[in-house]
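A.B. asks: Before I ask anything, let me first share the structure, which is written out below as structure tokens.
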Amino acid sequence: MANSSPPPAADAPILVFDSGVGGLTVLDALRRELPDAPVIYAADNAGLPYGEKSEAEIAARVAGLLGRMAERFRPRLACIACNTASTIALGMVRDVLNIPIVGTVPAIKPAAEITRTGTIGLIGTGATIRQAYVDRLEAEFAADKHLLRLAAPGLVAAAEAKLRGGTPDAGVIADTAAAMKAMAGAENIDTLVLACTHFPLLSEELAEHFPGARQIDGAAGIARRIAFLTQGQAMIRSAGDIALFTRADDKLASLRPALEARGLSRMEIL
């Protein structure tokens, strides 16, 4: 955004986008950092699951949706609160939108800084952990560490079930932990990177299987980055914030308590 651009309107929202509701963990951190910021939380529930789509499909879908949302809601900033979408589509979205864009990437750098054993477990979707972007993060920040990557798509559904007030599938969580522990050197894991915004919702369950490991995700850092990019801007939450979905279905009603607890009192379909 050019320096000559006028400041955004006080009620211009911050757009937080995810494929599902995992990005609510980023919204939680953003609320702590900027409690007065107006927010639109957008979930592409019609596109789930991203982890099973091709990179080309994800890039085109995310850029197209964010373009439509930016035109309709005129946000001051957009945050892609999804590791999969960010590692694939962040560059394309920045080319399309003339507003600041904050992405979400696996917290490999801070994990490398705090590990004592040098062995880090990274859990994400299949689409995230296979990205060259993650290879570059590892090469730049953890080249002298032992990074164990695991695709755990089943944890997404477990996290969404918990957010809806249900009980996450303990078997799926146990299987994920067992798969990680079966990797060579896994007994030395002391730091666990949650490379999907859904996964912090399962922090307690994962801690039962990795009791000695410190869990780390990018939510707090993302919130600080958004606060830095919007510093000095007037912000007014003049009405209840919006939870925006790309498809109406019978599962949305069960999300209402979690949404309202986060100040998302209005629900709309794009």
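Just remember, in the structure tokens the first chain shown is A, the second B, etc., residues are 1-based per chain, and ligands are 1-based in the order shown.
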Write out as number ranges by chain which residues come within 12 Å of A:Glu268 when counting only C-alpha atoms, dropping same-chain ones fewer than 5 positions away.
C.D. replies: A: 40-43, 241-249, 252-253, 256
A.B. asks: Emit the selected residues as a short mmCIF file (atom, residue, chain, number, x, y, z; two decimals), in the first residue's frame, including all heavy atoms.
C.D. replies:
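Here's the written file part-v5.cif:
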data_model
loop_
_atom_site.label_atom_id
_atom_site.label_comp_id
_atom_site.auth_asym_id
_atom_site.auth_seq_id
_atom_site.Cartn_x
_atom_site.Cartn_y
_atom_site.Cartn_z
N ILE A 40 -13.86 -9.42 10.22
CA ILE A 40 -14.68 -10.38 9.50
C ILE A 40 -13.89 -11.69 9.46
O ILE A 40 -12.75 -11.71 8.99
CB ILE A 40 -15.00 -9.92 8.07
CG1 ILE A 40 -15.92 -8.70 8.10
CG2 ILE A 40 -15.66 -11.04 7.27
CD1 ILE A 40 -16.19 -8.10 6.74
N TYR A 41 -14.48 -12.73 10.00
CA TYR A 41 -13.84 -14.04 9.96
C TYR A 41 -14.50 -14.83 8.83
O TYR A 41 -15.71 -15.06 8.85
CB TYR A 41 -13.99 -14.80 11.28
CG TYR A 41 -13.29 -16.14 11.23
CD1 TYR A 41 -11.94 -16.22 11.53
CD2 TYR A 41 -13.95 -17.29 10.83
CE1 TYR A 41 -11.27 -17.43 11.44
CE2 TYR A 41 -13.29 -18.50 10.72
CZ TYR A 41 -11.95 -18.56 11.04
OH TYR A 41 -11.29 -19.76 10.93
N ALA A 42 -13.70 -15.22 7.85
CA ALA A 42 -14.24 -15.90 6.67
C ALA A 42 -13.71 -17.33 6.61
O ALA A 42 -12.50 -17.55 6.66
CB ALA A 42 -13.85 -15.15 5.40
N ALA A 43 -14.62 -18.29 6.52
CA ALA A 43 -14.26 -19.71 6.43
C ALA A 43 -14.78 -20.28 5.11
O ALA A 43 -15.97 -20.19 4.83
CB ALA A 43 -14.85 -20.48 7.60
N ASP A 241 -19.30 -8.35 15.01
CA ASP A 241 -18.48 -8.77 13.88
C ASP A 241 -19.14 -9.94 13.15
O ASP A 241 -20.02 -10.63 13.66
CB ASP A 241 -17.08 -9.16 14.37
CG ASP A 241 -16.27 -7.95 14.79
OD1 ASP A 241 -16.51 -6.85 14.25
OD2 ASP A 241 -15.38 -8.09 15.65
N ILE A 242 -18.65 -10.18 11.92
CA ILE A 242 -19.29 -11.13 11.00
C ILE A 242 -18.46 -12.40 10.88
O ILE A 242 -17.25 -12.35 10.71
CB ILE A 242 -19.46 -10.50 9.61
CG1 ILE A 242 -20.38 -9.28 9.67
CG2 ILE A 242 -20.00 -11.52 8.60
CD1 ILE A 242 -20.42 -8.49 8.36
N ALA A 243 -19.15 -13.54 10.94
CA ALA A 243 -18.58 -14.82 10.54
C ALA A 243 -19.15 -15.14 9.17
O ALA A 243 -20.37 -15.28 9.00
CB ALA A 243 -18.94 -15.91 11.54
N LEU A 244 -18.28 -15.24 8.19
CA LEU A 244 -18.69 -15.40 6.80
C LEU A 244 -18.33 -16.81 6.32
O LEU A 244 -17.21 -17.27 6.53
CB LEU A 244 -17.97 -14.36 5.94
CG LEU A 244 -18.35 -14.25 4.47
CD1 LEU A 244 -19.75 -13.69 4.32
CD2 LEU A 244 -17.33 -13.34 3.75
N PHE A 245 -19.27 -17.48 5.70
CA PHE A 245 -19.03 -18.83 5.18
C PHE A 245 -19.35 -18.87 3.69
O PHE A 245 -20.12 -18.04 3.18
CB PHE A 245 -19.89 -19.84 5.93
CG PHE A 245 -19.54 -19.96 7.39
CD1 PHE A 245 -20.15 -19.15 8.34
CD2 PHE A 245 -18.59 -20.87 7.82
CE1 PHE A 245 -19.82 -19.23 9.69
CE2 PHE A 245 -18.24 -20.97 9.16
CZ PHE A 245 -18.86 -20.15 10.10
N THR A 246 -18.76 -19.82 3.01
CA THR A 246 -18.97 -19.91 1.56
C THR A 246 -20.07 -20.89 1.20
O THR A 246 -20.44 -21.01 0.03
CB THR A 246 -17.67 -20.33 0.85
OG1 THR A 246 -17.15 -21.53 1.45
CG2 THR A 246 -16.62 -19.23 0.96
N ARG A 247 -20.63 -21.57 2.20
CA ARG A 247 -21.74 -22.48 1.93
C ARG A 247 -22.61 -22.60 3.18
O ARG A 247 -22.10 -22.69 4.29
CB ARG A 247 -21.22 -23.88 1.56
CG ARG A 247 -22.33 -24.90 1.26
CD ARG A 247 -21.75 -26.26 0.91
NE ARG A 247 -21.02 -26.83 2.03
CZ ARG A 247 -20.17 -27.86 1.94
NH1 ARG A 247 -19.92 -28.39 0.75
NH2 ARG A 247 -19.55 -28.32 3.01
N ALA A 248 -23.92 -22.59 2.98
CA ALA A 248 -24.84 -22.82 4.09
C ALA A 248 -25.00 -24.33 4.28
O ALA A 248 -25.22 -25.06 3.32
CB ALA A 248 -26.20 -22.19 3.79
N ASP A 249 -24.85 -24.80 5.51
CA ASP A 249 -25.11 -26.20 5.79
C ASP A 249 -25.60 -26.35 7.23
O ASP A 249 -25.55 -25.41 8.03
CB ASP A 249 -23.89 -27.08 5.51
CG ASP A 249 -22.70 -26.75 6.39
OD1 ASP A 249 -22.88 -26.61 7.62
OD2 ASP A 249 -21.59 -26.64 5.87
N LEU A 252 -23.47 -25.37 10.63
CA LEU A 252 -23.12 -24.02 11.06
C LEU A 252 -23.75 -23.65 12.40
O LEU A 252 -23.14 -22.94 13.20
CB LEU A 252 -23.51 -23.00 9.99
CG LEU A 252 -22.78 -23.11 8.65
CD1 LEU A 252 -23.20 -21.98 7.73
CD2 LEU A 252 -21.27 -23.11 8.83
N ALA A 253 -24.95 -24.14 12.66
CA ALA A 253 -25.62 -23.78 13.91
C ALA A 253 -24.82 -24.22 15.13
O ALA A 253 -24.79 -23.53 16.15
CB ALA A 253 -27.02 -24.40 13.94
N ARG A 256 -22.25 -21.69 16.42
CA ARG A 256 -22.65 -20.38 16.92
C ARG A 256 -22.09 -20.04 18.31
O ARG A 256 -21.60 -18.92 18.52
CB ARG A 256 -24.18 -20.24 16.90
CG ARG A 256 -24.65 -18.81 17.12
CD ARG A 256 -26.16 -18.69 16.92
NE ARG A 256 -26.55 -18.90 15.54
CZ ARG A 256 -26.47 -17.98 14.59
NH1 ARG A 256 -25.98 -16.78 14.87
NH2 ARG A 256 -26.86 -18.25 13.37
#
A.B. asks: Using DSSP on the backbone, list every residue of stretch 54-94 of chain A that comes out as strand (DSSP E), and give them as number ranges by chain.
C.D. replies: A: 77-80
A.B. asks: Would you write out, as a Markdown table, a table of all residues in stretch 110-161 of chain A that have an atom no more than 9 Å from an atom of stretch 198-213 of chain A, listing for each the closest atom pair and the distance in Å to one decimal, considering only C-alpha atoms and ordering rows by chain and rising residue number?
C.D. replies:
| residue | atom | partner | partner_atom | distance |
| --- | --- | --- | --- | --- |
| A:Ile123 | CA | A:Phe199 | CA | 8.5 |
| A:Gly124 | CA | A:Phe199 | CA | 8.3 |
| A:Leu155 | CA | A:Phe199 | CA | 6.9 |
| A:Val156 | CA | A:His198 | CA | 5.9 |
| A:Ala157 | CA | A:His198 | CA | 8.8 |
| A:Ala158 | CA | A:Leu202 | CA | 8.0 |
| A:Ala159 | CA | A:Leu201 | CA | 5.7 |
| A:Glu160 | CA | A:His198 | CA | 7.5 |
A.B. asks: Just asking: which residues within stretch 135-222 of chain A are alpha helix (DSSP H) according to DSSP, as a VMD selection string?
C.D. replies: chain A and resid 135 to 141 154 to 163 170 to 181 203 to 209 219 to 222
A.B. asks: Rounded to one decimal in Å, what is the spacing between atom CA of A:Thr197 and atom CA of A:Gly22?
C.D. replies: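 Atom CA of A:Gly22 lies at a distance of 4.7 Å from atom CA of A:Thr197.
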A.B. asks: Can you list, as a PyMOL selection string, every protein, DNA or RNA residue that comes within 7 Å of A:Gly240 when you count only C-alpha atoms, leaving out same-chain residues fewer than 2 positions away?
C.D. replies: chain A and resi 242+263-266
A.B. asks: Determine, counting only C-alpha atoms, which protein, DNA and RNA residues have an atom within 10 Å of an atom of A:Pro13; residues of the same chain fewer than 3 positions away are not included. Present the result as a tab-separated table (two decimals) with N, CA and C atoms, in the first residue's frame.
C.D. replies:
chain	number	residue	atom	x	y	z
A	8	PRO	N	-7.44	4.02	6.43
A	8	PRO	CA	-8.72	3.32	6.31
A	8	PRO	C	-9.76	3.90	7.25
A	9	ALA	N	-11.02	3.71	6.91
A	9	ALA	CA	-12.11	4.12	7.79
A	9	ALA	C	-11.99	3.38	9.11
A	10	ALA	N	-12.45	4.00	10.17
A	10	ALA	CA	-12.31	3.41	11.51
A	10	ALA	C	-13.02	2.07	11.62
A	16	VAL	N	-9.97	-12.03	8.34
A	16	VAL	CA	-9.23	-13.23	8.74
A	16	VAL	C	-9.83	-14.40	7.98
A	37	ALA	N	-10.44	-3.94	17.31
A	37	ALA	CA	-10.41	-4.07	15.86
A	37	ALA	C	-11.68	-4.73	15.33
A	38	PRO	N	-12.35	-4.10	14.35
A	38	PRO	CA	-13.48	-4.77	13.70
A	38	PRO	C	-12.96	-5.90	12.83
A	39	VAL	N	-13.64	-7.03	12.85
A	39	VAL	CA	-13.15	-8.24	12.19
A	39	VAL	C	-14.25	-8.89	11.37
A	40	ILE	N	-13.86	-9.42	10.22
A	40	ILE	CA	-14.68	-10.38	9.50
A	40	ILE	C	-13.89	-11.69	9.46
A	41	TYR	N	-14.48	-12.73	10.00
A	41	TYR	CA	-13.84	-14.04	9.96
A	41	TYR	C	-14.50	-14.83	8.83
A	73	PHE	N	-16.15	-6.02	1.13
A	73	PHE	CA	-16.05	-5.54	2.51
A	73	PHE	C	-14.99	-4.47	2.72
A	74	ARG	N	-14.15	-4.20	1.73
A	74	ARG	CA	-13.13	-3.16	1.82
A	74	ARG	C	-12.31	-3.27	3.11
A	75	PRO	N	-11.65	-4.40	3.35
A	75	PRO	CA	-10.87	-4.54	4.58
A	75	PRO	C	-9.61	-3.69	4.56
A	76	ARG	N	-9.11	-3.37	5.74
A	76	ARG	CA	-7.86	-2.61	5.85
A	76	ARG	C	-6.65	-3.54	5.69
A	77	LEU	N	-6.86	-4.82	5.95
A	77	LEU	CA	-5.79	-5.82	5.91
A	77	LEU	C	-6.44	-7.18	5.83
A	78	ALA	N	-5.78	-8.13	5.19
A	78	ALA	CA	-6.27	-9.51	5.16
A	78	ALA	C	-5.21	-10.42	5.74
A	235	MET	N	-9.72	2.53	15.07
A	235	MET	CA	-10.51	1.31	14.98
A	235	MET	C	-11.74	1.42	15.86
A	236	ILE	N	-12.90	1.13	15.25
A	236	ILE	CA	-14.16	1.15	15.98
A	236	ILE	C	-14.95	-0.10	15.61
A	237	ARG	N	-15.35	-0.87	16.61
A	237	ARG	CA	-16.26	-1.99	16.37
A	237	ARG	C	-17.67	-1.48	16.61
A	241	ASP	N	-19.30	-8.35	15.01
A	241	ASP	CA	-18.48	-8.77	13.88
A	241	ASP	C	-19.14	-9.94	13.15
A	242	ILE	N	-18.65	-10.18	11.92
A	242	ILE	CA	-19.29	-11.13	11.00
A	242	ILE	C	-18.46	-12.40	10.88
A.B. asks: Choose the residue, out of A:Glu55, A:Asp169, A:Glu113, A:Asp175, that has the smallest atom-to-atom separation from A:Thr128; count only C-alpha atoms.
C.D. replies: A:Glu55
A.B. asks: Please determine, counting only C-alpha atoms, which residue among A:Leu97, A:Leu255, A:Leu148, A:Ala239 has the shortest atom-to-atom distance to A:Lys162.
C.D. replies: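 That would be A:Leu255, the residue with the smallest distance to A:Lys162.
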A.B. asks: Go ahead and compute the interatomic distance for atom CA of A:Val26 and atom CA of A:Ser86, in Å to one decimal.
C.D. replies: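 Calculated distance between atom CA of A:Val26 and atom CA of A:Ser86 is 13.6 Å.
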A.B. asks: Could you jot down the atom CA of A:Arg32 to atom CA of A:Ala258 separation for me, Å, one decimal place?
C.D. replies: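 Computed distance, atom CA of A:Arg32 to atom CA of A:Ala258, equals 16.4 Å.
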